[in-house]
$ cat target-v2.cif   # mmCIF, C-alpha atoms
data_model
loop_
_atom_site.group_PDB
_atom_site.id
_atom_site.type_symbol
_atom_site.label_atom_id
_atom_site.label_comp_id
_atom_site.auth_asym_id
_atom_site.auth_seq_id
_atom_site.Cartn_x
_atom_site.Cartn_y
_atom_site.Cartn_z
ATOM 1 C CA MET A 65 115.733 129.949 95.966
ATOM 2 C CA LYS A 66 117.274 126.461 95.907
ATOM 3 C CA LEU A 67 118.474 125.044 92.574
ATOM 4 C CA LEU A 68 119.271 121.374 91.924
ATOM 5 C CA ILE A 69 121.441 120.453 88.927
ATOM 6 C CA ALA A 70 120.535 116.826 88.187
ATOM 7 C CA ILE A 71 122.787 114.753 85.922
ATOM 8 C CA PRO A 72 121.503 111.249 85.079
ATOM 9 C CA CYS A 73 124.327 109.185 83.586
ATOM 10 C CA TYR A 74 125.573 105.714 82.769
ATOM 11 C CA ASN A 75 129.265 104.802 82.463
ATOM 12 C CA GLU A 76 130.442 108.410 82.230
ATOM 13 C CA ALA A 77 133.501 108.190 84.515
ATOM 14 C CA GLU A 78 135.653 109.755 81.794
ATOM 15 C CA LYS A 79 133.569 112.944 81.549
ATOM 16 C CA ILE A 80 131.433 113.316 84.675
ATOM 17 C CA GLY A 81 134.161 114.953 86.766
ATOM 18 C CA GLU A 82 134.639 117.668 84.148
ATOM 19 C CA VAL A 83 130.893 118.215 83.844
ATOM 20 C CA VAL A 84 130.438 118.600 87.618
ATOM 21 C CA ALA A 85 133.426 120.951 87.874
ATOM 22 C CA SER A 86 132.165 123.074 84.972
ATOM 23 C CA VAL A 87 128.880 124.036 86.674
ATOM 24 C CA PRO A 88 129.070 127.675 87.860
ATOM 25 C CA PRO A 89 128.936 127.927 91.687
ATOM 26 C CA ARG A 90 126.366 130.742 91.691
ATOM 27 C CA PHE A 91 123.494 131.999 89.552
ATOM 28 C CA ASP A 92 121.659 135.316 89.753
ATOM 29 C CA GLY A 93 118.454 134.935 91.753
ATOM 30 C CA VAL A 94 119.537 131.619 93.305
ATOM 31 C CA ASP A 95 120.668 131.303 96.941
ATOM 32 C CA LEU A 96 121.784 127.666 96.953
ATOM 33 C CA THR A 97 122.970 125.409 94.134
ATOM 34 C CA ARG A 98 123.605 121.688 94.512
ATOM 35 C CA ILE A 99 124.699 119.097 91.963
ATOM 36 C CA LEU A 100 123.090 115.635 91.975
ATOM 37 C CA VAL A 101 124.495 112.821 89.849
ATOM 38 C CA VAL A 102 122.223 109.817 89.327
ATOM 39 C CA ASP A 103 124.499 106.901 88.465
ATOM 40 C CA ASP A 104 122.190 104.443 86.728
ATOM 41 C CA GLY A 105 123.990 101.208 87.570
ATOM 42 C CA SER A 106 127.312 102.084 85.890
ATOM 43 C CA SER A 107 129.993 99.409 85.681
ATOM 44 C CA ASP A 108 132.796 101.991 85.843
ATOM 45 C CA ASP A 109 133.787 104.589 88.477
ATOM 46 C CA THR A 110 131.110 107.156 87.595
ATOM 47 C CA ALA A 111 129.767 107.374 91.169
ATOM 48 C CA ARG A 112 133.212 107.705 92.770
ATOM 49 C CA VAL A 113 134.438 110.346 90.309
ATOM 50 C CA ALA A 114 131.215 112.378 90.673
ATOM 51 C CA HIS A 115 131.378 112.236 94.467
ATOM 52 C CA GLU A 116 135.035 113.268 94.538
ATOM 53 C CA ALA A 117 134.169 116.193 92.235
ATOM 54 C CA GLY A 118 131.729 117.452 94.886
ATOM 55 C CA ALA A 119 128.374 116.088 93.734
ATOM 56 C CA THR A 120 125.720 114.314 95.774
ATOM 57 C CA VAL A 121 125.268 110.870 94.220
ATOM 58 C CA ILE A 122 122.305 108.529 93.890
ATOM 59 C CA ARG A 123 123.584 105.148 92.757
ATOM 60 C CA HIS A 124 121.224 102.568 91.250
ATOM 61 C CA LYS A 125 122.322 99.010 91.962
ATOM 62 C CA ILE A 126 121.335 98.003 88.412
ATOM 63 C CA ASN A 127 120.732 99.876 85.177
ATOM 64 C CA LYS A 128 117.074 100.900 85.302
ATOM 65 C CA GLY A 129 116.887 103.182 82.268
ATOM 66 C CA LEU A 130 116.941 106.931 81.693
ATOM 67 C CA GLY A 131 113.289 107.370 82.706
ATOM 68 C CA GLU A 132 113.916 105.787 86.115
ATOM 69 C CA ALA A 133 117.100 107.832 86.630
ATOM 70 C CA PHE A 134 115.143 111.011 85.898
ATOM 71 C CA ARG A 135 112.427 109.968 88.358
ATOM 72 C CA SER A 136 115.062 109.503 91.064
ATOM 73 C CA ALA A 137 116.239 113.066 90.461
ATOM 74 C CA VAL A 138 112.680 114.430 90.553
ATOM 75 C CA ASP A 139 111.920 112.615 93.814
ATOM 76 C CA PHE A 140 115.128 113.959 95.378
ATOM 77 C CA ALA A 141 114.305 117.536 94.307
ATOM 78 C CA ILE A 142 110.775 117.307 95.732
ATOM 79 C CA ASP A 143 111.761 115.547 98.957
ATOM 80 C CA HIS A 144 114.497 118.084 99.717
ATOM 81 C CA GLY A 145 112.459 121.177 98.936
ATOM 82 C CA TYR A 146 114.198 122.497 95.824
ATOM 83 C CA ASP A 147 112.472 125.380 94.032
ATOM 84 C CA LEU A 148 114.088 124.713 90.643
ATOM 85 C CA MET A 149 115.654 121.731 88.936
ATOM 86 C CA VAL A 150 117.832 121.594 85.843
ATOM 87 C CA ASN A 151 118.676 118.257 84.283
ATOM 88 C CA MET A 152 121.511 117.820 81.814
ATOM 89 C CA ASP A 153 123.524 114.994 80.275
ATOM 90 C CA GLY A 154 126.760 113.803 81.824
ATOM 91 C CA ASP A 155 128.747 113.433 78.593
ATOM 92 C CA GLY A 156 129.856 117.062 78.284
ATOM 93 C CA GLN A 157 127.842 117.836 75.141
ATOM 94 C CA PHE A 158 126.115 120.837 76.710
ATOM 95 C CA ASP A 159 127.700 124.029 78.046
ATOM 96 C CA SER A 160 126.794 124.348 81.735
ATOM 97 C CA ARG A 161 126.995 128.147 81.427
ATOM 98 C CA ASP A 162 123.691 127.904 79.521
ATOM 99 C CA ILE A 163 121.983 126.875 82.776
ATOM 100 C CA ALA A 164 121.520 130.580 83.544
ATOM 101 C CA ARG A 165 119.610 131.000 80.257
ATOM 102 C CA LEU A 166 117.337 128.071 81.102
ATOM 103 C CA ILE A 167 116.368 129.173 84.615
ATOM 104 C CA ARG A 168 115.853 132.862 83.790
ATOM 105 C CA PRO A 169 112.273 132.420 82.399
ATOM 106 C CA LEU A 170 111.417 130.420 85.554
ATOM 107 C CA LEU A 171 112.830 133.053 87.903
ATOM 108 C CA GLU A 172 110.942 135.768 86.036
ATOM 109 C CA HIS A 173 107.714 133.685 86.145
ATOM 110 C CA GLU A 174 107.456 133.604 82.347
ATOM 111 C CA ALA A 175 107.428 129.813 82.043
ATOM 112 C CA ASP A 176 106.845 126.631 84.031
ATOM 113 C CA PHE A 177 109.125 124.423 81.951
ATOM 114 C CA VAL A 178 112.100 125.506 79.849
ATOM 115 C CA THR A 179 113.864 123.202 77.429
ATOM 116 C CA ALA A 180 117.060 123.732 75.487
ATOM 117 C CA SER A 181 116.720 123.425 71.722
ATOM 118 C CA ARG A 182 119.487 122.311 69.403
ATOM 119 C CA PHE A 183 117.484 123.170 66.286
ATOM 120 C CA LEU A 184 115.595 126.385 67.114
ATOM 121 C CA GLU A 185 118.060 128.560 65.181
ATOM 122 C CA ASN A 186 118.390 125.938 62.415
ATOM 123 C CA LYS A 187 122.172 125.778 62.748
ATOM 124 C CA ARG A 188 124.204 122.932 61.288
ATOM 125 C CA ILE A 189 125.386 120.638 64.078
ATOM 126 C CA GLN A 190 128.749 119.086 63.345
ATOM 127 C CA ASN A 191 129.226 115.341 63.877
ATOM 128 C CA MET A 192 125.537 114.736 64.648
ATOM 129 C CA PRO A 193 124.523 111.333 63.188
ATOM 130 C CA PRO A 194 122.067 111.830 60.276
ATOM 131 C CA VAL A 195 119.765 109.088 61.595
ATOM 132 C CA LYS A 196 119.549 110.897 64.936
ATOM 133 C CA ARG A 197 118.648 114.174 63.192
ATOM 134 C CA TRP A 198 115.985 112.324 61.159
ATOM 135 C CA GLY A 199 114.570 110.620 64.251
ATOM 136 C CA ASN A 200 114.415 113.922 66.142
ATOM 137 C CA ALA A 201 112.564 115.550 63.245
ATOM 138 C CA ARG A 202 109.946 112.774 63.175
ATOM 139 C CA MET A 203 109.499 112.969 66.943
ATOM 140 C CA ASN A 204 109.190 116.763 66.823
ATOM 141 C CA SER A 205 106.452 116.487 64.198
ATOM 142 C CA LEU A 206 104.408 113.922 66.140
ATOM 143 C CA VAL A 207 104.615 115.672 69.515
ATOM 144 C CA SER A 208 103.859 119.029 67.900
ATOM 145 C CA PHE A 209 100.807 117.496 66.231
ATOM 146 C CA LEU A 210 99.572 115.972 69.476
ATOM 147 C CA CYS A 211 100.089 119.214 71.428
ATOM 148 C CA GLY A 212 98.745 121.518 68.720
ATOM 149 C CA ARG A 213 101.881 123.670 68.921
ATOM 150 C CA ARG A 214 105.167 123.609 67.027
ATOM 151 C CA PHE A 215 108.237 122.465 68.990
ATOM 152 C CA SER A 216 111.728 122.369 67.502
ATOM 153 C CA ASP A 217 113.402 119.855 69.858
ATOM 154 C CA VAL A 218 111.395 117.477 72.064
ATOM 155 C CA SER A 219 114.269 115.034 72.677
ATOM 156 C CA CYS A 220 116.890 117.306 74.231
ATOM 157 C CA GLY A 221 118.164 116.253 77.676
ATOM 158 C CA PHE A 222 118.933 119.779 78.921
ATOM 159 C CA ARG A 223 115.893 121.262 80.725
ATOM 160 C CA ALA A 224 114.685 123.370 83.658
ATOM 161 C CA TYR A 225 111.604 122.876 85.854
ATOM 162 C CA SER A 226 109.821 124.927 88.488
ATOM 163 C CA ARG A 227 108.855 123.158 91.718
ATOM 164 C CA ASP A 228 105.161 123.164 90.806
ATOM 165 C CA THR A 229 106.038 121.486 87.507
ATOM 166 C CA LEU A 230 108.057 118.814 89.307
ATOM 167 C CA LEU A 231 105.075 118.076 91.540
ATOM 168 C CA LYS A 232 102.944 117.343 88.467
ATOM 169 C CA ILE A 233 105.336 114.859 86.861
ATOM 170 C CA ASN A 234 103.900 111.363 86.562
ATOM 171 C CA PHE A 235 105.452 109.696 83.541
ATOM 172 C CA TYR A 236 104.983 106.167 82.209
ATOM 173 C CA GLY A 237 108.228 105.599 80.309
ATOM 174 C CA ARG A 238 111.043 103.594 81.856
ATOM 175 C CA PHE A 239 113.692 104.159 79.204
ATOM 176 C CA THR A 240 112.966 107.785 78.299
ATOM 177 C CA TYR A 241 110.998 110.782 79.495
ATOM 178 C CA THR A 242 111.922 113.594 77.105
ATOM 179 C CA GLN A 243 109.080 113.356 74.596
ATOM 180 C CA GLU A 244 106.483 112.268 77.146
ATOM 181 C CA SER A 245 107.091 115.388 79.245
ATOM 182 C CA PHE A 246 105.744 117.634 76.487
ATOM 183 C CA ILE A 247 102.503 115.633 76.324
ATOM 184 C CA ASN A 248 102.188 115.623 80.106
ATOM 185 C CA PHE A 249 102.858 119.353 80.529
ATOM 186 C CA HIS A 250 100.539 120.220 77.652
ATOM 187 C CA TYR A 251 97.757 118.356 79.453
ATOM 188 C CA TYR A 252 98.373 120.504 82.551
ATOM 189 C CA ASN A 253 98.371 123.700 80.433
ATOM 190 C CA LEU A 254 101.858 124.620 81.642
ATOM 191 C CA ALA A 255 103.798 127.421 79.988
ATOM 192 C CA ILE A 256 106.559 125.817 77.887
ATOM 193 C CA ARG A 257 109.544 127.802 76.598
ATOM 194 C CA GLU A 258 112.337 126.742 74.234
ATOM 195 C CA VAL A 259 115.779 128.335 74.506
ATOM 196 C CA PRO A 260 118.428 127.898 71.780
ATOM 197 C CA VAL A 261 121.753 126.401 72.937
ATOM 198 C CA ASN A 262 124.892 125.042 71.327
ATOM 199 C CA VAL A 263 125.737 121.358 71.556
ATOM 200 C CA THR A 264 128.968 119.498 70.880
ATOM 201 C CA TYR A 265 129.016 116.033 69.330
ATOM 202 C CA PHE A 266 132.379 114.330 69.747
ATOM 203 C CA PRO A 267 133.402 112.490 66.539
ATOM 204 C CA GLU A 268 135.363 109.826 68.463
ATOM 205 C CA ARG A 269 132.416 109.040 70.729
ATOM 206 C CA LYS A 270 129.937 106.411 69.557
ATOM 207 C CA SER A 271 126.389 107.327 70.467
ATOM 208 C CA ARG A 272 124.640 104.785 72.678
ATOM 209 C CA VAL A 273 121.358 105.858 71.092
ATOM 210 C CA ALA A 274 122.236 106.251 67.427
ATOM 211 C CA GLY A 275 125.092 103.739 67.169
ATOM 212 C CA SER A 276 122.909 101.399 65.110
ATOM 213 C CA VAL A 277 120.550 102.789 62.464
ATOM 214 C CA TRP A 278 118.029 99.994 62.805
ATOM 215 C CA LYS A 279 118.194 100.017 66.590
ATOM 216 C CA TYR A 280 117.541 103.755 66.643
ATOM 217 C CA LEU A 281 114.667 103.491 64.149
ATOM 218 C CA LYS A 282 113.131 100.675 66.203
ATOM 219 C CA LYS A 283 113.459 102.670 69.423
ATOM 220 C CA THR A 284 111.996 105.807 67.821
ATOM 221 C CA ALA A 285 109.046 103.854 66.420
ATOM 222 C CA GLY A 286 108.421 102.288 69.824
ATOM 223 C CA ILE A 287 108.314 105.698 71.519
ATOM 224 C CA LEU A 288 105.935 107.065 68.872
ATOM 225 C CA VAL A 289 103.546 104.126 69.257
ATOM 226 C CA GLY A 290 103.752 104.259 73.067
ATOM 227 C CA LEU A 291 102.932 107.976 73.206
ATOM 228 C CA MET A 292 99.883 107.553 70.982
ATOM 229 C CA ARG A 293 98.650 104.475 72.867
ATOM 230 C CA ASP A 294 99.112 105.863 76.386
ATOM 231 C CA TYR A 295 97.974 109.463 75.911
ATOM 232 C CA TYR A 296 95.596 109.321 72.940
ATOM 233 C CA PRO A 297 94.212 105.749 72.925
ATOM 234 C CA MET A 298 90.992 106.603 71.096
ATOM 235 C CA ARG A 299 92.908 108.067 68.175
ATOM 236 C CA PHE A 300 95.403 105.200 68.232
ATOM 237 C CA PHE A 301 92.908 102.324 68.294
ATOM 238 C CA SER A 302 90.508 104.128 65.941
ATOM 239 C CA PHE A 303 93.331 104.305 63.403
ATOM 240 C CA LEU A 304 93.996 100.574 63.801
ATOM 241 C CA GLY A 305 90.282 99.857 63.552
ATOM 242 C CA THR A 306 90.034 101.867 60.341
ATOM 243 C CA VAL A 307 92.972 99.918 58.870
ATOM 244 C CA PHE A 308 90.904 96.716 59.230
ATOM 245 C CA LEU A 309 87.567 98.345 58.427
ATOM 246 C CA VAL A 310 88.634 99.389 54.927
ATOM 247 C CA PRO A 311 89.388 95.853 53.661
ATOM 248 C CA ALA A 312 86.268 94.606 55.462
ATOM 249 C CA VAL A 313 84.147 96.968 53.364
ATOM 250 C CA ILE A 314 86.016 96.141 50.136
ATOM 251 C CA PHE A 315 85.709 92.368 50.509
ATOM 252 C CA GLY A 316 82.157 92.694 51.825
ATOM 253 C CA VAL A 317 81.117 94.586 48.692
ATOM 254 C CA MET A 318 82.835 91.955 46.525
ATOM 255 C CA PHE A 319 81.035 89.163 48.384
ATOM 256 C CA LEU A 320 77.619 90.821 48.159
ATOM 257 C CA ALA A 321 78.059 91.876 44.516
ATOM 258 C CA HIS A 322 78.941 88.328 43.525
ATOM 259 C CA TYR A 323 75.830 86.968 45.267
ATOM 260 C CA LEU A 324 73.549 89.538 43.632
ATOM 261 C CA ARG A 325 75.043 88.799 40.228
ATOM 262 C CA VAL A 326 74.957 84.969 40.237
ATOM 263 C CA GLY A 327 72.671 84.121 43.154
ATOM 264 C CA TYR A 328 75.080 81.973 45.149
ATOM 265 C CA PHE A 329 78.195 82.438 47.371
ATOM 266 C CA SER A 330 80.356 79.672 45.918
ATOM 267 C CA GLY A 331 83.643 80.972 44.533
ATOM 268 C CA TYR A 332 83.687 84.063 46.759
ATOM 269 C CA LEU A 333 83.479 82.522 50.219
ATOM 270 C CA PHE A 334 87.050 83.729 50.855
ATOM 271 C CA ALA A 335 85.813 87.330 50.478
ATOM 272 C CA GLY A 336 83.065 86.733 53.046
ATOM 273 C CA LEU A 337 85.491 85.183 55.513
ATOM 274 C CA ILE A 338 88.001 88.047 55.128
ATOM 275 C CA CYS A 339 85.179 90.564 55.547
ATOM 276 C CA ALA A 340 83.963 88.880 58.748
ATOM 277 C CA PHE A 341 87.478 88.618 60.205
ATOM 278 C CA CYS A 342 88.412 92.249 59.461
ATOM 279 C CA THR A 343 85.070 93.489 60.790
ATOM 280 C CA LEU A 344 85.583 91.584 64.051
ATOM 281 C CA VAL A 345 89.110 92.999 64.503
ATOM 282 C CA ALA A 346 87.903 96.534 63.699
ATOM 283 C CA VAL A 347 85.143 96.290 66.324
ATOM 284 C CA LEU A 348 87.666 95.015 68.869
ATOM 285 C CA MET A 349 90.041 97.926 68.102
ATOM 286 C CA PHE A 350 87.304 100.523 68.579
ATOM 287 C CA SER A 351 86.255 98.790 71.821
ATOM 288 C CA PHE A 352 89.847 98.861 73.084
ATOM 289 C CA GLY A 353 89.960 102.581 72.320
ATOM 290 C CA VAL A 354 86.868 103.269 74.428
ATOM 291 C CA ALA A 355 88.164 101.139 77.326
ATOM 292 C CA MET A 356 91.649 102.696 77.262
ATOM 293 C CA GLU A 357 90.186 106.211 77.144
ATOM 294 C CA SER A 358 88.438 105.475 80.444
ATOM 295 C CA MET A 359 91.724 104.274 81.942
ATOM 296 C CA VAL A 360 93.443 107.502 80.843
ATOM 297 C CA ARG A 361 90.816 109.523 82.707
ATOM 298 C CA ILE A 362 91.437 107.416 85.829
ATOM 299 C CA ASN A 363 95.192 107.985 85.505
ATOM 300 C CA ARG A 364 94.673 111.741 85.217
ATOM 301 C CA ASN A 365 92.649 111.756 88.408
ATOM 302 C CA GLU A 366 95.390 109.764 90.133
ATOM 303 C CA SER A 367 97.936 112.308 88.904
ATOM 304 C CA ARG A 368 95.937 115.121 90.502
ATOM 305 C CA ILE A 369 95.854 113.225 93.806
ATOM 306 C CA LEU A 370 99.613 112.575 93.603
ATOM 307 C CA TYR A 371 100.212 116.283 92.987
ATOM 308 C CA GLN A 372 98.271 117.253 96.111
ATOM 309 C CA GLN A 373 100.071 114.644 98.236
ATOM 310 C CA ARG A 374 103.483 115.815 97.046
ATOM 311 C CA LYS A 375 102.557 119.437 97.627
ATOM 312 C CA LEU A 376 101.596 118.826 101.264
ATOM 313 C CA ALA A 377 104.397 116.388 102.128
ATOM 314 C CA PRO A 378 107.158 117.661 104.467
ATOM 315 C CA THR A 379 110.648 118.096 103.040
ATOM 316 C CA THR A 380 113.783 116.274 104.171
ATOM 317 C CA PRO A 381 116.889 118.188 105.351
ATOM 318 C CA ASP A 382 119.736 118.253 102.820
ATOM 319 C CA GLU A 383 122.951 116.335 103.481
ATOM 320 C CA PRO A 384 125.764 117.695 101.264
ATOM 321 C CA ASN A 385 127.788 115.295 99.119
ATOM 322 C CA GLU A 386 126.047 112.150 100.338
ATOM 323 C CA VAL A 387 125.927 108.854 98.435
ATOM 324 C CA ILE A 388 122.496 107.214 98.279
ATOM 325 C CA ILE A 389 122.145 103.610 97.117
ATOM 326 C CA GLN A 390 118.888 102.623 95.444
#
$ encode --input "target-v2.cif" --output "structure tokens"
Amino acid sequence: MKLLIAIPCYNEAEKIGEVVASVPPRFDGVDLTRILVVDDGSSDDTARVAHEAGATVIRHKINKGLGEAFRSAVDFAIDHGYDLMVNMDGDGQFDSRDIARLIRPLLEHEADFVTASRFLENKRIQNMPPVKRWGNARMNSLVSFLCGRRFSDVSCGFRAYSRDTLLKINFYGRFTYTQESFINFHYYNLAIREVPVNVTYFPERKSRVAGSVWKYLKKTAGILVGLMRDYYPMRFFSFLGTVFLVPAVIFGVMFLAHYLRVGYFSGYLFAGLICAFCTLVAVLMFSFGVAMESMVRINRNESRILYQQRKLAPTTPDEPNEVIIQ
């Protein structure tokens, strides 16, 4: 059994050395453990510190976003024949000793994907920004609704994957992957397990995600809309179509009632024009939904083909502590 500990990070030179050093050298049921740090275009010494601490490093020339950094880790794990992959943040918020708890359900074949949960035991988390807690709750509700199963934490960056699960990953998002993974794995009917863990929020550290309330709300709303549009387009565009269909009916009834009452349209032409406009937009929304649903089916077929290609592809020999520039 080969285990890859993947740590995507950006400007974490202050903490990454401690995080790499804190990872236990051995785990029960695992023969080989390697640490991979994906430096997503940092402007500090993140790559150098991680490499000196003993990690293999993939260094992006520019900042590509968390989703791209995660994809680099997944590709490395697949190409080098790893059986398990754990990804965790590089800021020291998670306890690396909990890695053993995450991989146990995979080793015992009880799950395909295991995610840490900060909220499963409903504990109070000190120093966690209220807006971040609110945003997580909204995201949990939406993803749980879409999957038809209750999840307590769909945004946590501490997770474990079996090799077969890694082969099935084909995400859209550039800047995030955490919420999308639940939708993707639910589609594949993979066994998902949540494991409670403790997390530390440092009061002196300003969150890059929740530093601005409005920025965080905007980002959360964008993820919600993107998930609905990309994975459930018929529901998404049907909702938009209904939003325009309701006023179309209201103003259409007003327009028709006026004509039946007085025998002419004068005075209520605005109602007819609004009715026609809203009806046209509603029809377009429903048409978009049908067209996008067909594209989703095509994408799912492409994902199946990608899975088969990855499964049959030869693996590349591992070079310890190398630095890869991308």
$ closest_residue --input "target-v2.cif" --among "A:Leu67, A:Leu309, A:Ile338, A:Ile362" --to "A:Arg90" --atoms "all atoms listed in the file"
A:Leu67
$ resolve_selection --input "target-v2.cif" --expression "the PyMOL selection byres ((chain A and resi 100) around 7)" --output "list in words"
Leu68, Ile69, Ala70, Ile71, Arg98, Ile99, Val101, Val102, Ala119, Thr120 and Val121 of chain A
$ residues_around --input "target-v2.cif" --residues "A:Leu148" --least-positions-apart "3" --cutoff "6 Å" --atoms "all atoms listed in the file" --output "number ranges by chain"
A: 67, 225-227
$ closest_residue --input "target-v2.cif" --among "A:Gln243, A:Ser219, A:Thr264, A:Ser86" --to "A:Met192" --atoms "only C-alpha atoms"
A:Thr264
$ residues_around --input "target-v2.cif" --residues "A:Phe134" --least-positions-apart "4" --cutoff "8 Å" --atoms "all atoms listed in the file" --output "list in words"
Pro72, Val102, Leu130, Val138 and Tyr241 of chain A
$ decode --input "target-v2.cif" --residues "stretch 311-318 of chain A" --atoms "all heavy atoms" --output "PDB file, in the first residue's frame"
ATOM      1  N   PRO A 311     -44.505  36.441 -13.590  1.00  0.00           N
ATOM      2  CA  PRO A 311     -44.982  37.771 -14.008  1.00  0.00           C
ATOM      3  C   PRO A 311     -45.606  37.768 -15.398  1.00  0.00           C
ATOM      4  O   PRO A 311     -46.489  38.585 -15.687  1.00  0.00           O
ATOM      5  CB  PRO A 311     -43.712  38.631 -13.976  1.00  0.00           C
ATOM      6  CG  PRO A 311     -42.577  37.678 -14.018  1.00  0.00           C
ATOM      7  CD  PRO A 311     -43.042  36.458 -13.329  1.00  0.00           C
ATOM      8  N   ALA A 312     -45.166  36.865 -16.277  1.00  0.00           N
ATOM      9  CA  ALA A 312     -45.775  36.778 -17.603  1.00  0.00           C
ATOM     10  C   ALA A 312     -47.256  36.435 -17.482  1.00  0.00           C
ATOM     11  O   ALA A 312     -48.111  37.034 -18.166  1.00  0.00           O
ATOM     12  CB  ALA A 312     -45.053  35.722 -18.445  1.00  0.00           C
ATOM     13  N   VAL A 313     -47.573  35.492 -16.608  1.00  0.00           N
ATOM     14  CA  VAL A 313     -48.977  35.107 -16.405  1.00  0.00           C
ATOM     15  C   VAL A 313     -49.765  36.243 -15.765  1.00  0.00           C
ATOM     16  O   VAL A 313     -50.888  36.562 -16.184  1.00  0.00           O
ATOM     17  CB  VAL A 313     -49.048  33.838 -15.523  1.00  0.00           C
ATOM     18  CG1 VAL A 313     -50.506  33.544 -15.137  1.00  0.00           C
ATOM     19  CG2 VAL A 313     -48.441  32.646 -16.243  1.00  0.00           C
ATOM     20  N   ILE A 314     -49.167  36.902 -14.753  1.00  0.00           N
ATOM     21  CA  ILE A 314     -49.864  37.982 -14.050  1.00  0.00           C
ATOM     22  C   ILE A 314     -50.196  39.125 -15.002  1.00  0.00           C
ATOM     23  O   ILE A 314     -51.350  39.585 -15.084  1.00  0.00           O
ATOM     24  CB  ILE A 314     -49.002  38.496 -12.875  1.00  0.00           C
ATOM     25  CG1 ILE A 314     -48.875  37.413 -11.803  1.00  0.00           C
ATOM     26  CG2 ILE A 314     -49.611  39.764 -12.283  1.00  0.00           C
ATOM     27  CD1 ILE A 314     -47.922  37.773 -10.682  1.00  0.00           C
ATOM     28  N   PHE A 315     -49.187  39.590 -15.749  1.00  0.00           N
ATOM     29  CA  PHE A 315     -49.444  40.717 -16.661  1.00  0.00           C
ATOM     30  C   PHE A 315     -50.292  40.282 -17.862  1.00  0.00           C
ATOM     31  O   PHE A 315     -51.043  41.084 -18.414  1.00  0.00           O
ATOM     32  CB  PHE A 315     -48.114  41.312 -17.137  1.00  0.00           C
ATOM     33  CG  PHE A 315     -47.458  42.181 -16.118  1.00  0.00           C
ATOM     34  CD1 PHE A 315     -46.429  41.691 -15.327  1.00  0.00           C
ATOM     35  CD2 PHE A 315     -47.877  43.495 -15.926  1.00  0.00           C
ATOM     36  CE1 PHE A 315     -45.819  42.493 -14.384  1.00  0.00           C
ATOM     37  CE2 PHE A 315     -47.270  44.299 -14.987  1.00  0.00           C
ATOM     38  CZ  PHE A 315     -46.244  43.805 -14.199  1.00  0.00           C
ATOM     39  N   GLY A 316     -50.189  39.031 -18.253  1.00  0.00           N
ATOM     40  CA  GLY A 316     -51.037  38.536 -19.336  1.00  0.00           C
ATOM     41  C   GLY A 316     -52.501  38.530 -18.938  1.00  0.00           C
ATOM     42  O   GLY A 316     -53.389  38.904 -19.736  1.00  0.00           O
ATOM     43  N   VAL A 317     -52.778  38.112 -17.703  1.00  0.00           N
ATOM     44  CA  VAL A 317     -54.165  38.126 -17.209  1.00  0.00           C
ATOM     45  C   VAL A 317     -54.681  39.558 -17.120  1.00  0.00           C
ATOM     46  O   VAL A 317     -55.837  39.845 -17.487  1.00  0.00           O
ATOM     47  CB  VAL A 317     -54.234  37.427 -15.828  1.00  0.00           C
ATOM     48  CG1 VAL A 317     -55.596  37.655 -15.188  1.00  0.00           C
ATOM     49  CG2 VAL A 317     -53.955  35.940 -15.977  1.00  0.00           C
ATOM     50  N   MET A 318     -53.835  40.474 -16.633  1.00  0.00           N
ATOM     51  CA  MET A 318     -54.232  41.888 -16.570  1.00  0.00           C
ATOM     52  C   MET A 318     -54.571  42.424 -17.962  1.00  0.00           C
ATOM     53  O   MET A 318     -55.587  43.112 -18.150  1.00  0.00           O
ATOM     54  CB  MET A 318     -53.103  42.711 -15.950  1.00  0.00           C
ATOM     55  CG  MET A 318     -52.856  42.478 -14.473  1.00  0.00           C
ATOM     56  SD  MET A 318     -51.364  43.351 -13.894  1.00  0.00           S
ATOM     57  CE  MET A 318     -51.709  45.028 -14.403  1.00  0.00           C
TER      58      MET A 318
END
